[in-house]
Amino acid sequence: MFPDVRRDFPLLTRTVRNGKPLVYLDSGATSQKPHAVLNAEADFYQFHNGAVARGAHLLAEEATDAFETARSEVAAFIGAPADELVWTPGATQALNLVANGFAAASDGLGGLEARRFALGEGDEIVVTEAEHHANLIPWQQLAARTGATLRWIGLGDDGTLRYEELESVITERTRIVAFTHVSNVTGVVTDVAAIVARARSVGAITVLDACQSVPHLPVSVANLGVDFAAFSAHKMLGPTGVGALWGRKDLLDALPPSIYGGSAIKIVTMEETTWLDAPQRFEPGTQPVAQAVGMAAAARYLGGLGMDAVAAHEAHLAAILREGVSEIPGVRLIGPVSAPLGVLGIAAVAVDGVHPHDVGQVLDDRGIAVRVGHHCAQPLHRRLGLTGSTRASGHVYTSEDDVRAFLEVLATVPSFFGVTV
Ligand code: PMP
């Protein structure tokens, strides 16, 4: 049995909409925070606050220690060494950092060592039709800037990737393959090994959007065999404003930076600049130190629960949620009920004849918080003939009761709007 951790999360004790207990099922958008994370951030500000990597005083030293210890802990959480982890404001910025590094190299920046990242006409970038916009638009823009072509692995009618297209879409011309580890709409876990094997066989660099996997599954970037991975603290019980880009050290040291400023440099003259090695070359400006400390506390908290146990809890919730949804007349589950490598605690649904916003309102009225709209995955919805959906998504604090409350109210939605099923 997974432990009941609800009491660790102060926000979950509040009530909503005229005293109703809160059923929080919007963790795919952002998760709630345990005391351990809130206290770690408060402790940093109360006792150790200072700017990192500069200043000769004790607080600057303590802040730098806290920042670098946090880096080691978050890196270890994904099975990586500390010098391969770059702090970013979030996954979106991490993915942009990689795409913009390729763009800078394509413009001739970064010297000889950056040439491996230079793209031009005839080169291809591959994504999937399931991507969150954060892992689609940066690659579209990179293609537009460099003359490269964007291609994608399509989705079947059930909303899962058409792996049979791997061979024809990923070819000798492919330079980058960027794809999500877990869909933020269907919750389906991607067969990373299959995609990496094909990408490697043609010498392409792989970029993994690990936003919806690192918070819910044991993730080892070394075992996955990808080249870059991006994730955000706020979806893994940590604070907003911080996330990480992980990259293989040889790639990070060669990728040109694309955000410029203080602290990331070796020597600056009026004519030119030389950069520090990674990760510092990607971290100009004042860093989000308290947030990094909070992210490390979140990793410790999740590690304490055990990521295998977290994943099993999420799979259990997903099964109840998805089977339950698939049995409600007039409600369509987006994606399959189950999948070969698993489905996490998410269910996005479309209710026949009812707009997702109206579904969300009925649920909210009963104290149930869900996400409505396209969830930043318009192509996936369009492929399935939808403009949006209503998404319930859980985390470690989500209980079977939460899931059942959602299913119970969802079942009333068609008749509430006079839709006959
Ligand atoms: N990728 C996926 C799969 C996501 O679910 C999200 C957040 N919804 C992102 C990327 C972007 O993350 P962030 O907003 O934290 O940068």
# chains A, B, ... in the order shown; residues from 1 in each chain; ligands from 1
>>> residues_around(residues="Leu208 of chain A", least_positions_apart="5", cutoff="7 Å", atoms="only C-alpha atoms", output="list in words")
Ala178, Phe179, Thr180, His181, Val226, Phe228, Ala229 and Ala230 of chain A
>>> write_last_selection(atoms="N, CA and C atoms", output="compact mmCIF listing (two decimals), in the first residue's frame")
# COMPACT_ATOMS: atom_id res chain seq x y z
N ALA A 178 13.55 14.68 -31.29
CA ALA A 178 13.07 15.24 -30.01
C ALA A 178 11.69 14.65 -29.72
N PHE A 179 11.53 14.08 -28.54
CA PHE A 179 10.25 13.40 -28.26
C PHE A 179 9.98 13.34 -26.76
N THR A 180 8.71 13.16 -26.46
CA THR A 180 8.32 13.15 -25.05
C THR A 180 8.43 11.74 -24.45
N HIS A 181 8.79 11.69 -23.18
CA HIS A 181 8.90 10.40 -22.48
C HIS A 181 7.51 9.89 -22.09
N VAL A 226 19.59 8.63 -24.01
CA VAL A 226 19.34 9.86 -24.77
C VAL A 226 20.54 10.80 -24.61
N PHE A 228 20.09 14.51 -24.51
CA PHE A 228 19.64 15.64 -23.69
C PHE A 228 18.30 15.27 -23.07
N ALA A 229 18.00 15.86 -21.90
CA ALA A 229 16.67 15.68 -21.30
C ALA A 229 16.30 16.95 -20.55
N ALA A 230 15.00 17.27 -20.54
CA ALA A 230 14.53 18.50 -19.90
C ALA A 230 13.40 18.18 -18.94
>>> closest_atom_pairs(of="chain A", to="ligand 1", cutoff="6 Å", atoms="only C-alpha atoms and all ligand atoms", output="CSV")
residue,atom,partner,partner_atom_place_in_ligand_line,distance
A:Ala29,CA,ligand 1,8 (N),5.1
A:Gly90,CA,ligand 1,16 (O),4.4
A:Ala91,CA,ligand 1,16 (O),3.9
A:Thr92,CA,ligand 1,16 (O),3.6
A:His132,CA,ligand 1,1 (N),5.0
A:Ala134,CA,ligand 1,10 (C),5.1
A:Ser183,CA,ligand 1,3 (C),5.8
A:Asn184,CA,ligand 1,5 (O),4.7
A:Asp209,CA,ligand 1,1 (N),5.7
A:Cys211,CA,ligand 1,2 (C),4.9
A:Gln212,CA,ligand 1,3 (C),5.3
A:Ser232,CA,ligand 1,15 (O),4.8
>>> write_last_selection(atoms="C-alpha atoms", output="JSON list (two decimals), in the first residue's frame")
[["chain", "number", "residue", "atom", "x", "y", "z"],
["A", 29, "ALA", "CA", -0.14, 21.25, -15.01],
["A", 90, "GLY", "CA", 11.97, 25.31, -16.49],
["A", 91, "ALA", "CA", 11.65, 22.61, -19.12],
["A", 92, "THR", "CA", 10.49, 25.06, -21.79],
["A", 132, "HIS", "CA", 3.69, 19.49, -25.97],
["A", 134, "ALA", "CA", 7.35, 23.35, -25.68],
["A", 183, "SER", "CA", 2.43, 12.26, -23.07],
["A", 184, "ASN", "CA", 0.85, 15.03, -21.03],
["A", 209, "ASP", "CA", 11.07, 15.88, -22.90],
["A", 211, "CYS", "CA", 8.61, 16.79, -17.92],
["A", 212, "GLN", "CA", 5.92, 14.20, -17.25],
["A", 232, "SER", "CA", 10.71, 21.17, -14.43]]
>>> atom_distance(atom1="atom CA of Gln280 of chain A", atom2="atom CA of Ser258 of chain A")
12.6 Å
>>> atom_distance(atom1="atom CA of Val182 of chain A", atom2="atom CA of Ser213 of chain A")
5.7 Å
>>> residues_around(residues="Val188 of chain A", least_positions_apart="5", cutoff="12 Å", atoms="only C-alpha atoms", output="mmCIF file with N, CA and C atoms, in the first residue's frame")
data_model
loop_
_atom_site.group_PDB
_atom_site.id
_atom_site.type_symbol
_atom_site.label_atom_id
_atom_site.label_comp_id
_atom_site.auth_asym_id
_atom_site.auth_seq_id
_atom_site.Cartn_x
_atom_site.Cartn_y
_atom_site.Cartn_z
ATOM 1 N N ALA A 130 2.661 13.922 -30.866
ATOM 2 C CA ALA A 130 2.128 13.969 -29.495
ATOM 3 C C ALA A 130 2.754 15.086 -28.672
ATOM 4 N N ASP A 158 -5.722 5.641 -31.920
ATOM 5 C CA ASP A 158 -5.825 5.510 -30.463
ATOM 6 C C ASP A 158 -4.930 6.517 -29.731
ATOM 7 N N GLY A 159 -4.299 7.422 -30.479
ATOM 8 C CA GLY A 159 -3.495 8.471 -29.832
ATOM 9 C C GLY A 159 -2.109 8.013 -29.417
ATOM 10 N N THR A 160 -1.685 6.827 -29.857
ATOM 11 C CA THR A 160 -0.324 6.381 -29.524
ATOM 12 C C THR A 160 0.571 6.471 -30.764
ATOM 13 N N LEU A 161 1.873 6.502 -30.521
ATOM 14 C CA LEU A 161 2.831 6.700 -31.609
ATOM 15 C C LEU A 161 2.822 5.532 -32.583
ATOM 16 N N THR A 180 8.709 13.155 -26.457
ATOM 17 C CA THR A 180 8.325 13.153 -25.048
ATOM 18 C C THR A 180 8.429 11.745 -24.454
ATOM 19 N N HIS A 181 8.790 11.686 -23.181
ATOM 20 C CA HIS A 181 8.900 10.404 -22.479
ATOM 21 C C HIS A 181 7.514 9.891 -22.089
ATOM 22 N N VAL A 182 6.664 10.840 -21.653
ATOM 23 C CA VAL A 182 5.285 10.510 -21.275
ATOM 24 C C VAL A 182 4.391 11.618 -21.825
ATOM 25 N N SER A 183 3.334 11.245 -22.519
ATOM 26 C CA SER A 183 2.426 12.258 -23.075
ATOM 27 C C SER A 183 1.663 12.957 -21.959
ATOM 28 N N GLN A 212 6.987 14.988 -17.883
ATOM 29 C CA GLN A 212 5.921 14.197 -17.252
ATOM 30 C C GLN A 212 6.434 12.822 -16.808
ATOM 31 N N SER A 213 7.733 12.576 -16.939
ATOM 32 C CA SER A 213 8.252 11.280 -16.476
ATOM 33 C C SER A 213 9.049 11.410 -15.191
ATOM 34 N N GLU A 314 0.950 5.491 -9.294
ATOM 35 C CA GLU A 314 0.401 6.223 -10.450
ATOM 36 C C GLU A 314 -0.256 5.255 -11.445
ATOM 37 N N ALA A 315 0.368 4.097 -11.634
ATOM 38 C CA ALA A 315 -0.195 3.120 -12.575
ATOM 39 C C ALA A 315 -1.525 2.583 -12.034
ATOM 40 N N ALA A 318 -4.085 5.238 -12.511
ATOM 41 C CA ALA A 318 -4.408 5.344 -13.943
ATOM 42 C C ALA A 318 -5.382 4.251 -14.349
ATOM 43 N N ALA A 319 -5.163 3.057 -13.838
ATOM 44 C CA ALA A 319 -6.031 1.938 -14.218
ATOM 45 C C ALA A 319 -7.463 2.212 -13.760
ATOM 46 N N ARG A 322 -8.846 5.256 -15.865
ATOM 47 C CA ARG A 322 -9.069 5.031 -17.287
ATOM 48 C C ARG A 322 -10.144 3.970 -17.537
ATOM 49 N N ILE A 334 -9.256 9.787 -24.106
ATOM 50 C CA ILE A 334 -8.249 10.084 -25.130
ATOM 51 C C ILE A 334 -7.075 9.154 -24.878
ATOM 52 N N GLY A 335 -6.763 8.337 -25.853
ATOM 53 C CA GLY A 335 -5.681 7.362 -25.692
ATOM 54 C C GLY A 335 -6.237 6.044 -25.204
ATOM 55 N N PRO A 336 -5.366 5.032 -25.161
ATOM 56 C CA PRO A 336 -5.829 3.693 -24.779
ATOM 57 C C PRO A 336 -6.025 3.566 -23.269
ATOM 58 N N VAL A 337 -6.773 2.538 -22.853
ATOM 59 C CA VAL A 337 -6.960 2.290 -21.415
ATOM 60 C C VAL A 337 -5.626 1.885 -20.787
ATOM 61 N N SER A 338 -4.859 1.043 -21.509
ATOM 62 C CA SER A 338 -3.539 0.641 -21.009
ATOM 63 C C SER A 338 -2.571 0.599 -22.192
ATOM 64 N N ALA A 339 -1.278 0.521 -21.899
ATOM 65 C CA ALA A 339 -0.272 0.522 -22.966
ATOM 66 C C ALA A 339 0.891 -0.367 -22.544
ATOM 67 N N PRO A 340 1.673 -0.868 -23.529
ATOM 68 C CA PRO A 340 2.716 -1.856 -23.213
ATOM 69 C C PRO A 340 3.696 -1.402 -22.131
ATOM 70 N N LEU A 341 4.121 -0.127 -22.169
ATOM 71 C CA LEU A 341 5.089 0.339 -21.173
ATOM 72 C C LEU A 341 4.429 1.126 -20.046
ATOM 73 N N GLY A 342 3.101 1.108 -20.029
ATOM 74 C CA GLY A 342 2.390 1.740 -18.914
ATOM 75 C C GLY A 342 1.765 3.071 -19.266
ATOM 76 N N VAL A 343 0.839 3.481 -18.411
ATOM 77 C CA VAL A 343 0.165 4.768 -18.524
ATOM 78 C C VAL A 343 0.194 5.370 -17.128
ATOM 79 N N LEU A 344 0.543 6.648 -17.032
ATOM 80 C CA LEU A 344 0.593 7.285 -15.706
ATOM 81 C C LEU A 344 -0.774 7.814 -15.296
ATOM 82 N N GLY A 345 -0.850 8.327 -14.083
ATOM 83 C CA GLY A 345 -2.126 8.724 -13.487
ATOM 84 C C GLY A 345 -2.819 9.908 -14.120
ATOM 85 N N ILE A 346 -3.072 9.767 -15.415
ATOM 86 C CA ILE A 346 -3.719 10.847 -16.158
ATOM 87 C C ILE A 346 -4.886 10.272 -16.941
ATOM 88 N N ALA A 347 -5.969 11.024 -17.069
ATOM 89 C CA ALA A 347 -6.986 10.675 -18.061
ATOM 90 C C ALA A 347 -7.528 11.971 -18.641
ATOM 91 N N ALA A 348 -7.408 12.098 -19.961
ATOM 92 C CA ALA A 348 -8.032 13.227 -20.644
ATOM 93 C C ALA A 348 -9.266 12.674 -21.331
#
>>> residues_around(residues="Lys235 of chain A", least_positions_apart="2", cutoff="9 Å", atoms="only C-alpha atoms", output="count of residues only")
17
>>> closest_residue(among="A:Pro138, A:Gly108, A:Gly122, A:Pro218", to="Met307 of chain A", atoms="only C-alpha atoms")
A:Pro218
>>> residues_around(residues="Gly156 of chain A", least_positions_apart="6", cutoff="9 Å", atoms="only C-alpha atoms", output="PDB file with N, CA, C and O atoms, in the first residue's frame")
ATOM      1  N   ARG A 162       2.979   5.856 -33.847  1.00  0.00           N
ATOM      2  CA  ARG A 162       3.058   4.824 -34.886  1.00  0.00           C
ATOM      3  C   ARG A 162       4.532   4.420 -35.039  1.00  0.00           C
ATOM      4  O   ARG A 162       5.253   4.974 -35.869  1.00  0.00           O
ATOM      5  N   ARG A 383      -5.380  15.771 -34.460  1.00  0.00           N
ATOM      6  CA  ARG A 383      -5.266  14.437 -35.065  1.00  0.00           C
ATOM      7  C   ARG A 383      -6.440  13.540 -34.662  1.00  0.00           C
ATOM      8  O   ARG A 383      -6.883  12.679 -35.423  1.00  0.00           O
ATOM      9  N   LEU A 384      -6.933  13.761 -33.420  1.00  0.00           N
ATOM     10  CA  LEU A 384      -8.024  12.908 -32.927  1.00  0.00           C
ATOM     11  C   LEU A 384      -9.396  13.547 -33.145  1.00  0.00           C
ATOM     12  O   LEU A 384     -10.399  13.105 -32.582  1.00  0.00           O
TER      13      LEU A 384
END
>>> residues_around(residues="Gly285 of chain A", least_positions_apart="4", cutoff="8 Å", atoms="only C-alpha atoms", output="list of chain:residue names")
A:Gly261, A:Gly262, A:Ser263, A:Ala264
>>> write_last_selection(atoms="N, CA and C atoms", output="compact mmCIF listing (two decimals), in the first residue's frame")
# COMPACT_ATOMS: atom_id res chain seq x y z
N GLY A 261 25.50 36.82 -20.59
CA GLY A 261 25.56 37.77 -19.49
C GLY A 261 26.71 37.42 -18.56
N GLY A 262 26.58 37.88 -17.32
CA GLY A 262 27.66 37.69 -16.35
C GLY A 262 27.75 36.27 -15.84
N SER A 263 28.88 35.94 -15.24
CA SER A 263 29.12 34.68 -14.51
C SER A 263 29.33 33.45 -15.39
N ALA A 264 29.01 33.52 -16.66
CA ALA A 264 29.11 32.34 -17.52
C ALA A 264 30.41 32.37 -18.33
>>> closest_residue(among="A:Ile176, A:Val5, A:Val242, A:Val196", to="Ala70 of chain A", atoms="only C-alpha atoms")
A:Val242
>>> residues_around(residues="Glu113 of chain A", least_positions_apart="2", cutoff="9 Å", atoms="only C-alpha atoms", output="list of chain:residue names")
A:Gly110, A:Gly111, A:Arg115, A:Arg116, A:Phe117, A:Asp253, A:Ala254, A:Leu255
>>> atom_distance(atom1="atom CA of Gly147 of chain A", atom2="atom CA of Glu165 of chain A")
23.3 Å
>>> select_by_dssp(residues="segment 102-326 of chain A", states="helix (DSSP H, G or I)", output="ChimeraX atom specification")
/A:102-106,112-117,133-135,137-146,163-169,192-201,221-224,249-254,280-282,289-305,307-326
>>> write_last_selection(atoms="C-alpha atoms", output="PDB file, in the first residue's frame")
ATOM      1  CA  PHE A 102      21.853  24.397 -32.686  1.00  0.00           C
ATOM      2  CA  ALA A 103      20.701  27.687 -34.242  1.00  0.00           C
ATOM      3  CA  ALA A 104      23.783  29.533 -32.957  1.00  0.00           C
ATOM      4  CA  ALA A 105      26.041  26.782 -34.312  1.00  0.00           C
ATOM      5  CA  SER A 106      24.204  26.997 -37.643  1.00  0.00           C
ATOM      6  CA  LEU A 112      34.980  24.311 -34.703  1.00  0.00           C
ATOM      7  CA  GLU A 113      33.697  22.181 -31.831  1.00  0.00           C
ATOM      8  CA  ALA A 114      30.154  23.494 -32.432  1.00  0.00           C
ATOM      9  CA  ARG A 115      30.116  22.442 -36.079  1.00  0.00           C
ATOM     10  CA  ARG A 116      28.515  19.130 -35.179  1.00  0.00           C
ATOM     11  CA  PHE A 117      25.366  21.120 -34.286  1.00  0.00           C
ATOM     12  CA  HIS A 133       4.182  22.821 -27.773  1.00  0.00           C
ATOM     13  CA  ALA A 134       7.347  23.348 -25.677  1.00  0.00           C
ATOM     14  CA  ASN A 135       8.958  20.437 -27.533  1.00  0.00           C
ATOM     15  CA  ILE A 137       7.781  25.074 -31.519  1.00  0.00           C
ATOM     16  CA  PRO A 138      11.530  25.404 -30.718  1.00  0.00           C
ATOM     17  CA  TRP A 139      12.219  22.770 -33.416  1.00  0.00           C
ATOM     18  CA  GLN A 140       9.835  24.408 -35.907  1.00  0.00           C
ATOM     19  CA  GLN A 141      11.676  27.677 -35.368  1.00  0.00           C
ATOM     20  CA  LEU A 142      15.063  25.979 -35.677  1.00  0.00           C
ATOM     21  CA  ALA A 143      13.977  24.470 -38.988  1.00  0.00           C
ATOM     22  CA  ALA A 144      12.735  27.855 -40.214  1.00  0.00           C
ATOM     23  CA  ARG A 145      16.006  29.550 -39.225  1.00  0.00           C
ATOM     24  CA  THR A 146      18.338  26.987 -40.751  1.00  0.00           C
ATOM     25  CA  TYR A 163       6.362   3.081 -34.194  1.00  0.00           C
ATOM     26  CA  GLU A 164       6.130   1.455 -37.606  1.00  0.00           C
ATOM     27  CA  GLU A 165       7.045   4.893 -39.033  1.00  0.00           C
ATOM     28  CA  LEU A 166      10.403   5.050 -37.222  1.00  0.00           C
ATOM     29  CA  GLU A 167      12.354   3.571 -40.125  1.00  0.00           C
ATOM     30  CA  SER A 168      10.851   5.799 -42.798  1.00  0.00           C
ATOM     31  CA  VAL A 169      10.792   9.068 -40.803  1.00  0.00           C
ATOM     32  CA  VAL A 192      12.403   5.393 -25.593  1.00  0.00           C
ATOM     33  CA  ALA A 193      14.684   2.450 -26.365  1.00  0.00           C
ATOM     34  CA  ALA A 194      13.101   1.918 -29.787  1.00  0.00           C
ATOM     35  CA  ILE A 195      13.422   5.574 -30.772  1.00  0.00           C
ATOM     36  CA  VAL A 196      16.967   5.917 -29.398  1.00  0.00           C
ATOM     37  CA  ALA A 197      18.090   2.773 -31.226  1.00  0.00           C
ATOM     38  CA  ARG A 198      16.814   4.099 -34.548  1.00  0.00           C
ATOM     39  CA  ALA A 199      18.188   7.627 -33.922  1.00  0.00           C
ATOM     40  CA  ARG A 200      21.611   6.258 -32.976  1.00  0.00           C
ATOM     41  CA  SER A 201      21.761   4.045 -36.034  1.00  0.00           C
ATOM     42  CA  VAL A 221      19.223   9.184 -18.328  1.00  0.00           C
ATOM     43  CA  ALA A 222      22.236   6.885 -18.633  1.00  0.00           C
ATOM     44  CA  ASN A 223      20.011   3.822 -19.034  1.00  0.00           C
ATOM     45  CA  LEU A 224      17.675   5.590 -21.441  1.00  0.00           C
ATOM     46  CA  LYS A 249      29.095  16.428 -20.982  1.00  0.00           C
ATOM     47  CA  ASP A 250      30.883  16.307 -24.335  1.00  0.00           C
ATOM     48  CA  LEU A 251      27.793  17.744 -26.023  1.00  0.00           C
ATOM     49  CA  LEU A 252      27.183  20.416 -23.375  1.00  0.00           C
ATOM     50  CA  ASP A 253      30.801  21.585 -23.573  1.00  0.00           C
ATOM     51  CA  ALA A 254      30.497  22.021 -27.340  1.00  0.00           C
ATOM     52  CA  GLN A 280      28.179  27.347 -15.987  1.00  0.00           C
ATOM     53  CA  ARG A 281      28.363  28.568 -19.601  1.00  0.00           C
ATOM     54  CA  PHE A 282      24.561  28.190 -19.744  1.00  0.00           C
ATOM     55  CA  VAL A 289      19.171  29.495  -5.676  1.00  0.00           C
ATOM     56  CA  ALA A 290      16.263  29.012  -3.251  1.00  0.00           C
ATOM     57  CA  GLN A 291      14.307  27.311  -6.033  1.00  0.00           C
ATOM     58  CA  ALA A 292      17.201  24.954  -6.778  1.00  0.00           C
ATOM     59  CA  VAL A 293      17.371  24.119  -3.072  1.00  0.00           C
ATOM     60  CA  GLY A 294      13.607  23.493  -3.155  1.00  0.00           C
ATOM     61  CA  MET A 295      13.933  21.264  -6.215  1.00  0.00           C
ATOM     62  CA  ALA A 296      16.572  19.175  -4.448  1.00  0.00           C
ATOM     63  CA  ALA A 297      14.268  18.872  -1.425  1.00  0.00           C
ATOM     64  CA  ALA A 298      11.528  17.636  -3.774  1.00  0.00           C
ATOM     65  CA  ALA A 299      13.894  15.047  -5.250  1.00  0.00           C
ATOM     66  CA  ARG A 300      14.793  13.897  -1.703  1.00  0.00           C
ATOM     67  CA  TYR A 301      11.117  13.691  -0.761  1.00  0.00           C
ATOM     68  CA  LEU A 302      10.256  11.627  -3.861  1.00  0.00           C
ATOM     69  CA  GLY A 303      13.375   9.519  -3.352  1.00  0.00           C
ATOM     70  CA  GLY A 304      12.227   8.848   0.214  1.00  0.00           C
ATOM     71  CA  LEU A 305       8.928   7.475  -1.085  1.00  0.00           C
ATOM     72  CA  MET A 307      10.247   6.126  -7.357  1.00  0.00           C
ATOM     73  CA  ASP A 308       9.301   2.502  -8.026  1.00  0.00           C
ATOM     74  CA  ALA A 309       6.542   2.834  -5.428  1.00  0.00           C
ATOM     75  CA  VAL A 310       5.481   6.222  -6.868  1.00  0.00           C
ATOM     76  CA  ALA A 311       5.246   4.720 -10.362  1.00  0.00           C
ATOM     77  CA  ALA A 312       3.220   1.759  -9.083  1.00  0.00           C
ATOM     78  CA  HIS A 313       0.835   4.155  -7.271  1.00  0.00           C
ATOM     79  CA  GLU A 314       0.401   6.223 -10.450  1.00  0.00           C
ATOM     80  CA  ALA A 315      -0.195   3.120 -12.575  1.00  0.00           C
ATOM     81  CA  HIS A 316      -2.801   1.910 -10.075  1.00  0.00           C
ATOM     82  CA  LEU A 317      -4.611   5.267 -10.152  1.00  0.00           C
ATOM     83  CA  ALA A 318      -4.408   5.344 -13.943  1.00  0.00           C
ATOM     84  CA  ALA A 319      -6.031   1.938 -14.218  1.00  0.00           C
ATOM     85  CA  ILE A 320      -8.992   2.948 -12.024  1.00  0.00           C
ATOM     86  CA  LEU A 321      -9.296   6.303 -13.732  1.00  0.00           C
ATOM     87  CA  ARG A 322      -9.069   5.031 -17.287  1.00  0.00           C
ATOM     88  CA  GLU A 323     -11.193   1.942 -16.877  1.00  0.00           C
ATOM     89  CA  GLY A 324     -13.766   4.055 -15.034  1.00  0.00           C
ATOM     90  CA  VAL A 325     -13.858   6.686 -17.775  1.00  0.00           C
ATOM     91  CA  SER A 326     -14.120   4.110 -20.540  1.00  0.00           C
TER      92      SER A 326
END
>>> decode(residues="segment 331-338 of chain A", atoms="all heavy atoms", output="mmCIF file, in the first residue's frame")
data_model
loop_
_atom_site.group_PDB
_atom_site.id
_atom_site.type_symbol
_atom_site.label_atom_id
_atom_site.label_comp_id
_atom_site.auth_asym_id
_atom_site.auth_seq_id
_atom_site.Cartn_x
_atom_site.Cartn_y
_atom_site.Cartn_z
ATOM 1 N N VAL A 331 -18.819 9.491 -22.880
ATOM 2 C CA VAL A 331 -17.519 10.071 -22.545
ATOM 3 C C VAL A 331 -16.445 9.271 -23.271
ATOM 4 O O VAL A 331 -16.431 8.044 -23.219
ATOM 5 C CB VAL A 331 -17.260 10.041 -21.020
ATOM 6 C CG1 VAL A 331 -15.851 10.538 -20.709
ATOM 7 C CG2 VAL A 331 -18.291 10.899 -20.292
ATOM 8 N N ARG A 332 -15.558 10.011 -23.951
ATOM 9 C CA ARG A 332 -14.497 9.344 -24.721
ATOM 10 C C ARG A 332 -13.158 9.540 -24.016
ATOM 11 O O ARG A 332 -12.766 10.671 -23.700
ATOM 12 C CB ARG A 332 -14.473 9.973 -26.115
ATOM 13 C CG ARG A 332 -13.280 9.572 -26.951
ATOM 14 C CD ARG A 332 -13.422 10.192 -28.351
ATOM 15 N NE ARG A 332 -12.162 10.103 -29.057
ATOM 16 C CZ ARG A 332 -11.872 10.820 -30.141
ATOM 17 N NH1 ARG A 332 -12.758 11.678 -30.628
ATOM 18 N NH2 ARG A 332 -10.711 10.685 -30.729
ATOM 19 N N LEU A 333 -12.477 8.438 -23.772
ATOM 20 C CA LEU A 333 -11.135 8.508 -23.196
ATOM 21 C C LEU A 333 -10.152 8.806 -24.322
ATOM 22 O O LEU A 333 -10.188 8.167 -25.371
ATOM 23 C CB LEU A 333 -10.785 7.161 -22.551
ATOM 24 C CG LEU A 333 -9.373 7.016 -21.982
ATOM 25 C CD1 LEU A 333 -9.174 7.907 -20.765
ATOM 26 C CD2 LEU A 333 -9.084 5.554 -21.628
ATOM 27 N N ILE A 334 -9.256 9.787 -24.106
ATOM 28 C CA ILE A 334 -8.249 10.084 -25.130
ATOM 29 C C ILE A 334 -7.075 9.154 -24.878
ATOM 30 O O ILE A 334 -6.453 9.203 -23.823
ATOM 31 C CB ILE A 334 -7.747 11.543 -25.017
ATOM 32 C CG1 ILE A 334 -8.886 12.511 -24.748
ATOM 33 C CG2 ILE A 334 -6.911 11.919 -26.244
ATOM 34 C CD1 ILE A 334 -9.625 13.013 -25.882
ATOM 35 N N GLY A 335 -6.763 8.337 -25.853
ATOM 36 C CA GLY A 335 -5.681 7.362 -25.692
ATOM 37 C C GLY A 335 -6.237 6.044 -25.204
ATOM 38 O O GLY A 335 -7.416 5.923 -24.869
ATOM 39 N N PRO A 336 -5.366 5.032 -25.161
ATOM 40 C CA PRO A 336 -5.829 3.693 -24.779
ATOM 41 C C PRO A 336 -6.025 3.566 -23.269
ATOM 42 O O PRO A 336 -5.496 4.371 -22.500
ATOM 43 C CB PRO A 336 -4.674 2.795 -25.236
ATOM 44 C CG PRO A 336 -3.472 3.683 -25.146
ATOM 45 C CD PRO A 336 -3.924 5.068 -25.442
ATOM 46 N N VAL A 337 -6.773 2.538 -22.853
ATOM 47 C CA VAL A 337 -6.960 2.290 -21.415
ATOM 48 C C VAL A 337 -5.626 1.885 -20.787
ATOM 49 O O VAL A 337 -5.255 2.332 -19.719
ATOM 50 C CB VAL A 337 -8.022 1.185 -21.190
ATOM 51 C CG1 VAL A 337 -8.093 0.792 -19.716
ATOM 52 C CG2 VAL A 337 -9.382 1.678 -21.653
ATOM 53 N N SER A 338 -4.859 1.043 -21.509
ATOM 54 C CA SER A 338 -3.539 0.641 -21.009
ATOM 55 C C SER A 338 -2.571 0.599 -22.192
ATOM 56 O O SER A 338 -3.003 0.669 -23.344
ATOM 57 C CB SER A 338 -3.623 -0.718 -20.328
ATOM 58 O OG SER A 338 -4.055 -1.675 -21.266
#
